[in-house]
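**Student:** Have a peek at data-v6.pdb (PDB, C-alpha atoms).
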ATOM      1  CA  MET A   1      32.088 102.770 -44.940
ATOM      2  CA  PHE A   2      31.135 104.722 -41.801
ATOM      3  CA  SER A   3      28.168 106.549 -43.362
ATOM      4  CA  GLY A   4      27.096 103.382 -45.195
ATOM      5  CA  LYS A   5      26.510 101.688 -41.867
ATOM      6  CA  LYS A   6      24.572 104.677 -40.557
ATOM      7  CA  LYS A   7      22.290 104.826 -43.596
ATOM      8  CA  ASP A   8      20.958 101.366 -42.921
ATOM      9  CA  VAL A   9      19.656 102.381 -39.497
ATOM     10  CA  PHE A  10      17.342 105.054 -40.924
ATOM     11  CA  PHE A  11      16.104 103.172 -43.951
ATOM     12  CA  GLU A  12      15.640 100.080 -41.806
ATOM     13  CA  ALA A  13      13.478 102.062 -39.379
ATOM     14  CA  LEU A  14      11.406 103.626 -42.186
ATOM     15  CA  THR A  15      10.963 100.198 -43.773
ATOM     16  CA  GLY A  16       9.944  98.813 -40.368
ATOM     17  CA  ILE A  17       7.335 101.549 -39.937
ATOM     18  CA  SER A  18       5.908 101.060 -43.449
ATOM     19  CA  SER A  19       5.886  97.277 -43.043
ATOM     20  CA  ASN A  20       4.063  97.526 -39.697
ATOM     21  CA  LEU A  21       1.606  99.993 -41.277
ATOM     22  CA  LYS A  22       0.883  97.614 -44.153
ATOM     23  CA  GLU A  23       0.385  94.694 -41.743
ATOM     24  CA  ALA A  24      -1.995  96.812 -39.665
ATOM     25  CA  ALA A  25      -3.951  97.722 -42.815
ATOM     26  CA  ASP A  26      -4.064  94.029 -43.844
ATOM     27  CA  PHE A  27      -5.603  93.232 -40.474
ATOM     28  CA  PHE A  28      -7.896  96.292 -40.646
ATOM     29  CA  VAL A  29      -9.484  95.196 -43.945
ATOM     30  CA  GLU A  30      -9.512  91.451 -43.350
ATOM     31  CA  PHE A  31     -10.863  91.298 -39.792
ATOM     32  CA  LYS A  32     -14.528  90.291 -39.756
ATOM     33  CA  ILE A  33     -16.628  91.814 -36.979
ATOM     34  CA  LYS A  34     -19.516  89.514 -36.107
ATOM     35  CA  ASN A  35     -20.331  90.485 -32.532
ATOM     36  CA  VAL A  36     -19.460  92.948 -29.781
ATOM     37  CA  SER A  37     -16.649  90.794 -28.356
ATOM     38  CA  ASP A  38     -14.921  90.925 -31.776
ATOM     39  CA  LEU A  39     -14.808  94.712 -31.425
ATOM     40  CA  LYS A  40     -12.596  94.471 -28.358
ATOM     41  CA  GLU A  41     -10.157  92.194 -30.204
ATOM     42  CA  PHE A  42     -10.207  94.490 -33.252
ATOM     43  CA  SER A  43      -9.482  97.598 -31.200
ATOM     44  CA  SER A  44      -6.858  95.903 -29.032
ATOM     45  CA  LYS A  45      -4.950  94.462 -32.014
ATOM     46  CA  MET A  46      -4.894  97.868 -33.749
ATOM     47  CA  LYS A  47      -3.512  99.336 -30.525
ATOM     48  CA  ASP A  48      -0.705  96.748 -30.634
ATOM     49  CA  TYR A  49       0.219  97.801 -34.165
ATOM     50  CA  GLU A  50       0.181 101.438 -33.086
ATOM     51  CA  LYS A  51       2.464 100.707 -30.133
ATOM     52  CA  LYS A  52       4.881  98.781 -32.334
ATOM     53  CA  GLY A  53       5.014 101.749 -34.724
ATOM     54  CA  ASP A  54       5.662 104.146 -31.845
ATOM     55  CA  ASP A  55       8.523 101.960 -30.607
ATOM     56  CA  ILE A  56      10.216 101.993 -34.021
ATOM     57  CA  ILE A  57       9.832 105.788 -34.231
ATOM     58  CA  HIS A  58      11.313 106.155 -30.762
ATOM     59  CA  GLY A  59      14.361 104.177 -31.902
ATOM     60  CA  LEU A  60      14.578 106.258 -35.074
ATOM     61  CA  ILE A  61      14.579 109.536 -33.125
ATOM     62  CA  THR A  62      17.317 108.193 -30.836
ATOM     63  CA  ALA A  63      19.399 107.259 -33.898
ATOM     64  CA  LEU A  64      18.810 110.688 -35.477
ATOM     65  CA  ASN A  65      19.977 112.412 -32.298
ATOM     66  CA  LYS A  66      23.196 110.395 -32.288
ATOM     67  CA  SER A  67      24.068 110.807 -35.973
ATOM     68  CA  PHE A  68      25.937 113.550 -37.797
ATOM     69  CA  ILE A  69      25.401 112.039 -41.220
ATOM     70  CA  THR A  70      21.988 110.993 -42.544
ATOM     71  CA  PRO A  71      21.252 109.618 -46.051
ATOM     72  CA  ILE A  72      18.599 112.305 -46.669
ATOM     73  CA  GLU A  73      17.650 115.444 -44.708
ATOM     74  CA  ARG A  74      16.954 114.505 -41.109
ATOM     75  CA  GLU A  75      13.704 116.511 -41.073
ATOM     76  CA  ASP A  76      12.517 114.523 -44.112
ATOM     77  CA  ILE A  77      13.246 111.242 -42.332
ATOM     78  CA  LEU A  78      11.364 112.409 -39.253
ATOM     79  CA  GLN A  79       8.484 113.885 -41.264
ATOM     80  CA  LEU A  80       8.074 110.659 -43.228
ATOM     81  CA  ALA A  81       8.033 108.585 -40.040
ATOM     82  CA  MET A  82       5.489 110.901 -38.388
ATOM     83  CA  LYS A  83       3.181 111.001 -41.425
ATOM     84  CA  MET A  84       3.140 107.202 -41.636
ATOM     85  CA  ASP A  85       2.392 107.169 -37.910
ATOM     86  CA  ASP A  86      -0.610 109.459 -38.511
ATOM     87  CA  VAL A  87      -2.080 106.849 -40.882
ATOM     88  CA  LEU A  88      -1.692 104.141 -38.245
ATOM     89  CA  ASP A  89      -3.110 106.390 -35.507
ATOM     90  CA  GLY A  90      -6.135 107.056 -37.718
ATOM     91  CA  MET A  91      -6.819 103.346 -38.163
ATOM     92  CA  GLU A  92      -6.414 102.747 -34.442
ATOM     93  CA  GLN A  93      -8.791 105.636 -33.686
ATOM     94  CA  CYS A  94     -11.336 104.208 -36.125
ATOM     95  CA  ALA A  95     -11.173 100.762 -34.477
ATOM     96  CA  ALA A  96     -11.590 102.405 -31.058
ATOM     97  CA  ARG A  97     -14.716 104.235 -32.298
ATOM     98  CA  PHE A  98     -16.200 100.975 -33.551
ATOM     99  CA  GLU A  99     -15.746  99.533 -30.080
ATOM    100  CA  MET A 100     -17.002 102.667 -28.330
ATOM    101  CA  TYR A 101     -20.201 102.719 -30.399
ATOM    102  CA  SER A 102     -20.583  98.895 -30.413
ATOM    103  CA  LEU A 103     -20.804  98.998 -34.204
ATOM    104  CA  THR A 104     -20.895  95.449 -35.523
ATOM    105  CA  ASP A 105     -22.228  96.317 -38.991
ATOM    106  CA  THR A 106     -20.018  97.688 -41.718
ATOM    107  CA  ASP A 107     -21.584  99.098 -44.872
ATOM    108  CA  GLU A 108     -20.345  99.274 -48.456
ATOM    109  CA  TYR A 109     -18.862 102.755 -47.918
ATOM    110  CA  MET A 110     -16.702 101.636 -45.004
ATOM    111  CA  THR A 111     -15.547  98.678 -47.075
ATOM    112  CA  GLU A 112     -14.619 100.966 -49.976
ATOM    113  CA  TYR A 113     -12.729 103.375 -47.706
ATOM    114  CA  ALA A 114     -10.848 100.499 -46.071
ATOM    115  CA  ASP A 115      -9.971  99.068 -49.467
ATOM    116  CA  TYR A 116      -8.490 102.358 -50.712
ATOM    117  CA  ILE A 117      -6.624 102.887 -47.436
ATOM    118  CA  HIS A 118      -5.224  99.381 -47.690
ATOM    119  CA  LYS A 119      -4.142  99.986 -51.303
ATOM    120  CA  SER A 120      -2.488 103.244 -50.217
ATOM    121  CA  THR A 121      -0.448 101.497 -47.522
ATOM    122  CA  VAL A 122       0.750  98.973 -50.132
ATOM    123  CA  GLU A 123       1.924 101.911 -52.280
ATOM    124  CA  ILE A 124       3.607 103.551 -49.272
ATOM    125  CA  PHE A 125       5.434 100.303 -48.535
ATOM    126  CA  GLY A 126       6.564 100.058 -52.181
ATOM    127  CA  ALA A 127       7.776 103.663 -52.188
ATOM    128  CA  ILE A 128       9.812 103.212 -48.986
ATOM    129  CA  GLU A 129      11.501 100.139 -50.482
ATOM    130  CA  LEU A 130      12.530 102.271 -53.474
ATOM    131  CA  LEU A 131      13.725 105.029 -51.148
ATOM    132  CA  SER A 132      15.926 102.514 -49.318
ATOM    133  CA  SER A 133      17.532 101.474 -52.602
ATOM    134  CA  LYS A 134      17.834 105.141 -53.685
ATOM    135  CA  LYS A 135      15.503 104.746 -56.693
ATOM    136  CA  LEU A 136      13.872 108.070 -55.934
ATOM    137  CA  LEU A 137      12.239 108.919 -59.260
ATOM    138  CA  ASN A 138      10.539 105.522 -59.368
ATOM    139  CA  MET A 139       8.679 106.476 -56.162
ATOM    140  CA  ARG A 140       6.472 108.774 -58.286
ATOM    141  CA  THR A 141       4.462 105.803 -59.573
ATOM    142  CA  HIS A 142       3.431 105.114 -55.989
ATOM    143  CA  THR A 143       2.748 108.721 -54.956
ATOM    144  CA  ILE A 144       0.500 109.223 -58.007
ATOM    145  CA  LYS A 145      -1.588 106.188 -57.038
ATOM    146  CA  ILE A 146      -1.892 107.338 -53.419
ATOM    147  CA  ASN A 147      -3.201 110.708 -54.660
ATOM    148  CA  GLU A 148      -5.726 108.938 -56.895
ATOM    149  CA  TYR A 149      -6.971 106.814 -53.998
ATOM    150  CA  GLU A 150      -7.356 109.918 -51.838
ATOM    151  CA  SER A 151      -9.516 111.535 -54.547
ATOM    152  CA  GLN A 152     -11.686 108.419 -54.614
ATOM    153  CA  CYS A 153     -12.131 108.665 -50.838
ATOM    154  CA  ASP A 154     -13.177 112.325 -51.159
ATOM    155  CA  GLU A 155     -15.880 111.191 -53.550
ATOM    156  CA  ILE A 156     -16.992 108.366 -51.227
ATOM    157  CA  LEU A 157     -17.298 110.895 -48.383
ATOM    158  CA  ARG A 158     -19.678 113.052 -50.432
ATOM    159  CA  VAL A 159     -21.821 110.099 -51.490
ATOM    160  CA  SER A 160     -21.794 108.311 -48.119
ATOM    161  CA  ILE A 161     -22.888 111.340 -46.114
ATOM    162  CA  LYS A 162     -25.575 112.240 -48.625
ATOM    163  CA  GLN A 163     -26.919 108.669 -48.506
ATOM    164  CA  LEU A 164     -26.668 108.571 -44.734
ATOM    165  CA  PHE A 165     -29.203 111.388 -44.377
ATOM    166  CA  VAL A 166     -31.469 109.731 -46.927
ATOM    167  CA  ARG A 167     -31.595 106.254 -45.441
ATOM    168  CA  GLU A 168     -30.877 106.624 -41.718
ATOM    169  CA  LYS A 169     -33.610 107.883 -39.436
ATOM    170  CA  ASP A 170     -31.941 107.460 -36.036
ATOM    171  CA  PRO A 171     -30.094 110.723 -35.220
ATOM    172  CA  ILE A 172     -27.591 108.976 -32.907
ATOM    173  CA  LYS A 173     -26.699 106.520 -35.657
ATOM    174  CA  ILE A 174     -26.269 109.407 -38.094
ATOM    175  CA  ILE A 175     -23.785 111.099 -35.742
ATOM    176  CA  GLN A 176     -21.844 107.872 -35.220
ATOM    177  CA  LEU A 177     -21.653 106.832 -38.871
ATOM    178  CA  LYS A 178     -20.842 110.337 -40.075
ATOM    179  CA  GLU A 179     -17.922 110.401 -37.639
ATOM    180  CA  ILE A 180     -16.655 107.004 -38.826
ATOM    181  CA  TYR A 181     -16.856 108.101 -42.482
ATOM    182  CA  GLU A 182     -14.956 111.292 -41.685
ATOM    183  CA  ILE A 183     -12.254 109.429 -39.743
ATOM    184  CA  LEU A 184     -11.815 107.013 -42.665
ATOM    185  CA  GLU A 185     -11.589 109.868 -45.156
ATOM    186  CA  GLY A 186      -9.089 111.538 -42.815
ATOM    187  CA  ILE A 187      -6.888 108.415 -42.936
ATOM    188  CA  SER A 188      -6.747 108.712 -46.728
ATOM    189  CA  ASP A 189      -5.682 112.359 -46.266
ATOM    190  CA  PHE A 190      -2.858 111.142 -44.006
ATOM    191  CA  CYS A 191      -1.800 108.721 -46.755
ATOM    192  CA  GLU A 192      -1.696 111.681 -49.134
ATOM    193  CA  ASP A 193       0.499 113.557 -46.611
ATOM    194  CA  VAL A 194       2.949 110.637 -46.805
ATOM    195  CA  ALA A 195       2.894 110.927 -50.620
ATOM    196  CA  ASP A 196       3.548 114.701 -50.379
ATOM    197  CA  THR A 197       6.521 114.084 -48.076
ATOM    198  CA  LEU A 198       7.889 111.506 -50.533
ATOM    199  CA  GLU A 199       7.516 114.086 -53.323
ATOM    200  CA  THR A 200       9.519 116.603 -51.259
ATOM    201  CA  ILE A 201      12.263 113.985 -50.824
ATOM    202  CA  ILE A 202      12.285 113.324 -54.577
ATOM    203  CA  MET A 203      12.600 117.057 -55.325
ATOM    204  CA  ARG A 204      15.431 117.579 -52.865
ATOM    205  CA  ASN A 205      17.473 114.512 -53.689
ATOM    206  CA  ALA A 206      16.773 113.213 -57.195
TER     207      ALA A 206
END
For this file, produce the structure as structure tokens.
**Tutor:**
Amino acid sequence: MFSGKKKDVFFEALTGISSNLKEAADFFVEFKIKNVSDLKEFSSKMKDYEKKGDDIIHGLITALNKSFITPIEREDILQLAMKMDDVLDGMEQCAARFEMYSLTDTDEYMTEYADYIHKSTVEIFGAIELLSSKKLLNMRTHTIKINEYESQCDEILRVSIKQLFVREKDPIKIIQLKEIYEILEGISDFCEDVADTLETIIMRNA
């Protein structure tokens, strides 16, 4: 009874983080940037999502410090929370760069990256729901997909940078776009880190 009540706190926090991450990714892919003033809204809203995520993590750490019994290893709970936070931080950083560089045009590569990142956050959310209901082995379906999406993003990075040097003549623009592509690819790496942490949890507990 006692530990049952405690369990809910941790899984609730992890679910809250993954749900906030998915909402942030929904906004990230759906928001249409038409002019410079949109960039401020885009960046500011992503910052709100990031702050909300940080608040949930803060509460989670407080709960971990107060608890003797945790449903899975406490370092796994913390690691999972932090890795999901990295994904959100990456999206927030990307939005901030868009605003900093006044980039109002997105290209097909950015759209593809964003799509794969969004799909990855949906898989993360699904995996955390399974974790909460202790269906650990079923989480593999989600981790496999996240790894596939990360491979796709690796490929997009190669193609996008190659094309960038072919079609862009302005050196400043090259620097800016190359950085955006690399940040986006980095976000997919963070998603893969979440998948790796989930795999560790499966190995230790299933």
**Student:** Applied to this file, what does the PyMOL selection byres ((chain A and resi 40-42) around 9) return in terms of residues, put as number ranges by chain?
**Tutor:** A: 27-28, 31-33, 36-39, 43-47, 95-96, 98-99
**Student:** What's the 7 Å shell around Leu21 of chain A, counting all atoms listed in the file, without same-chain residues fewer than 3 positions away, as an NGL selection string?
**Tutor:** :A and (17-18 or 24-25 or 88 or 121)
**Student:** When you look at Lys119 of chain A with a cut-off of 9 Å (counting all atoms listed in the file), what residues show up, excluding the ones that are within fewer than 6 positions of it in the same chain? I need them as an MDAnalysis selection string.
**Tutor:** chainID A and resid 25 145:146 149
**Student:** So, counting all atoms listed in the file, which residue among A:Leu14, A:Met139, A:Leu177, A:Leu157 is closest to Asp189 of chain A?
**Tutor:**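 Closest to Asp189 of chain A of all the choices is A:Leu157.
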**Student:** Where does segment 119-161 of chain A meet segment 75-80 of chain A within 12 Å, residue by residue, with the nearest atom pair and distance in Å to one decimal for each, counting all atoms listed in the file, listed by chain and rising number, as CSV?
**Tutor:**
residue,atom,partner,partner_atom,distance
A:Ile124,CA,A:Leu80,CA,10.3
A:Phe125,CA,A:Leu80,CA,11.9
A:Ala127,CA,A:Leu80,CA,11.4
A:Ile128,CA,A:Leu80,CA,9.6
A:Leu131,CA,A:Ile77,CA,10.8
A:Ser132,CA,A:Ile77,CA,11.5
**Student:** Once you count only C-alpha atoms, which residues end up no further than 8 Å from (19.6, 107.2, -53.3) in the file's frame, shown as a ChimeraX atom specification?
**Tutor:** /A:71,131-136,205-206
**Student:** Report, in Å to a single decimal, how far apart atom CA of Asn138 of chain A and atom CA of Met82 of chain A are.
**Tutor:**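 Taking atom CA of Met82 of chain A as the start and atom CA of Asn138 of chain A as the end point, the length is 22.2 Å.
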**Student:** Would you mind reading off the distance between atom CA of Tyr181 of chain A and atom CA of Tyr113 of chain A, one decimal, in Å?
**Tutor:** 8.2 Å
**Student:** Go ahead and compute the interatomic distance for atom CA of Glu192 of chain A and atom CA of Phe10 of chain A, in Å to one decimal.
**Tutor:** 21.8 Å
**Student:** Could you work out an axis-aligned box for segment 44-62 of chain A, taking every atom the file lists and adding 4 Å on each side, and report centre and edge lengths in Å to one decimal, as AutoDock Vina command-line options?
**Tutor:**
--center_x 5.2 --center_y 102.0 --center_z -32.1 --size_x 32.2 --size_y 23.1 --size_z 14.0
**Student:** Set the distance at 8 Å and use only C-alpha atoms: which residues neighbour Phe165 of chain A once local chain neighbours fewer than 4 positions away are removed? I'd like the list as JSON, numbers by chain.
**Tutor:** {"A": [161, 169, 174]}
**Student:** Pick out the closest residue to Val159 of chain A from this set: A:Arg204, A:Lys178, A:Lys173, A:Lys22. Count only C-alpha atoms.
**Tutor:**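 Among the listed residues, A:Lys178 lies closest to Val159 of chain A.
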**Student:** Quick one: of A:Val166, A:Ile61, A:Ile56, A:Met91, who's nearest to Ala114 of chain A, counting only C-alpha atoms?
**Tutor:**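 Of all the options, A:Met91 lies closest to Ala114 of chain A.
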**Student:** Residue by residue, what does the PyMOL selection byres ((chain A and resi 90) around 9) grab here? Present the result as a PyMOL selection string.
**Tutor:** chain A and resi 85-89+91-95+183-184+186-187+190
**Student:** Of the candidates A:Tyr116, A:Ala195, A:Asn65, A:Gln163, which shows the shortest atom-to-atom distance to Arg140 of chain A, using only C-alpha atoms?
**Tutor:**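 The answer is A:Ala195, which sits nearest to Arg140 of chain A.
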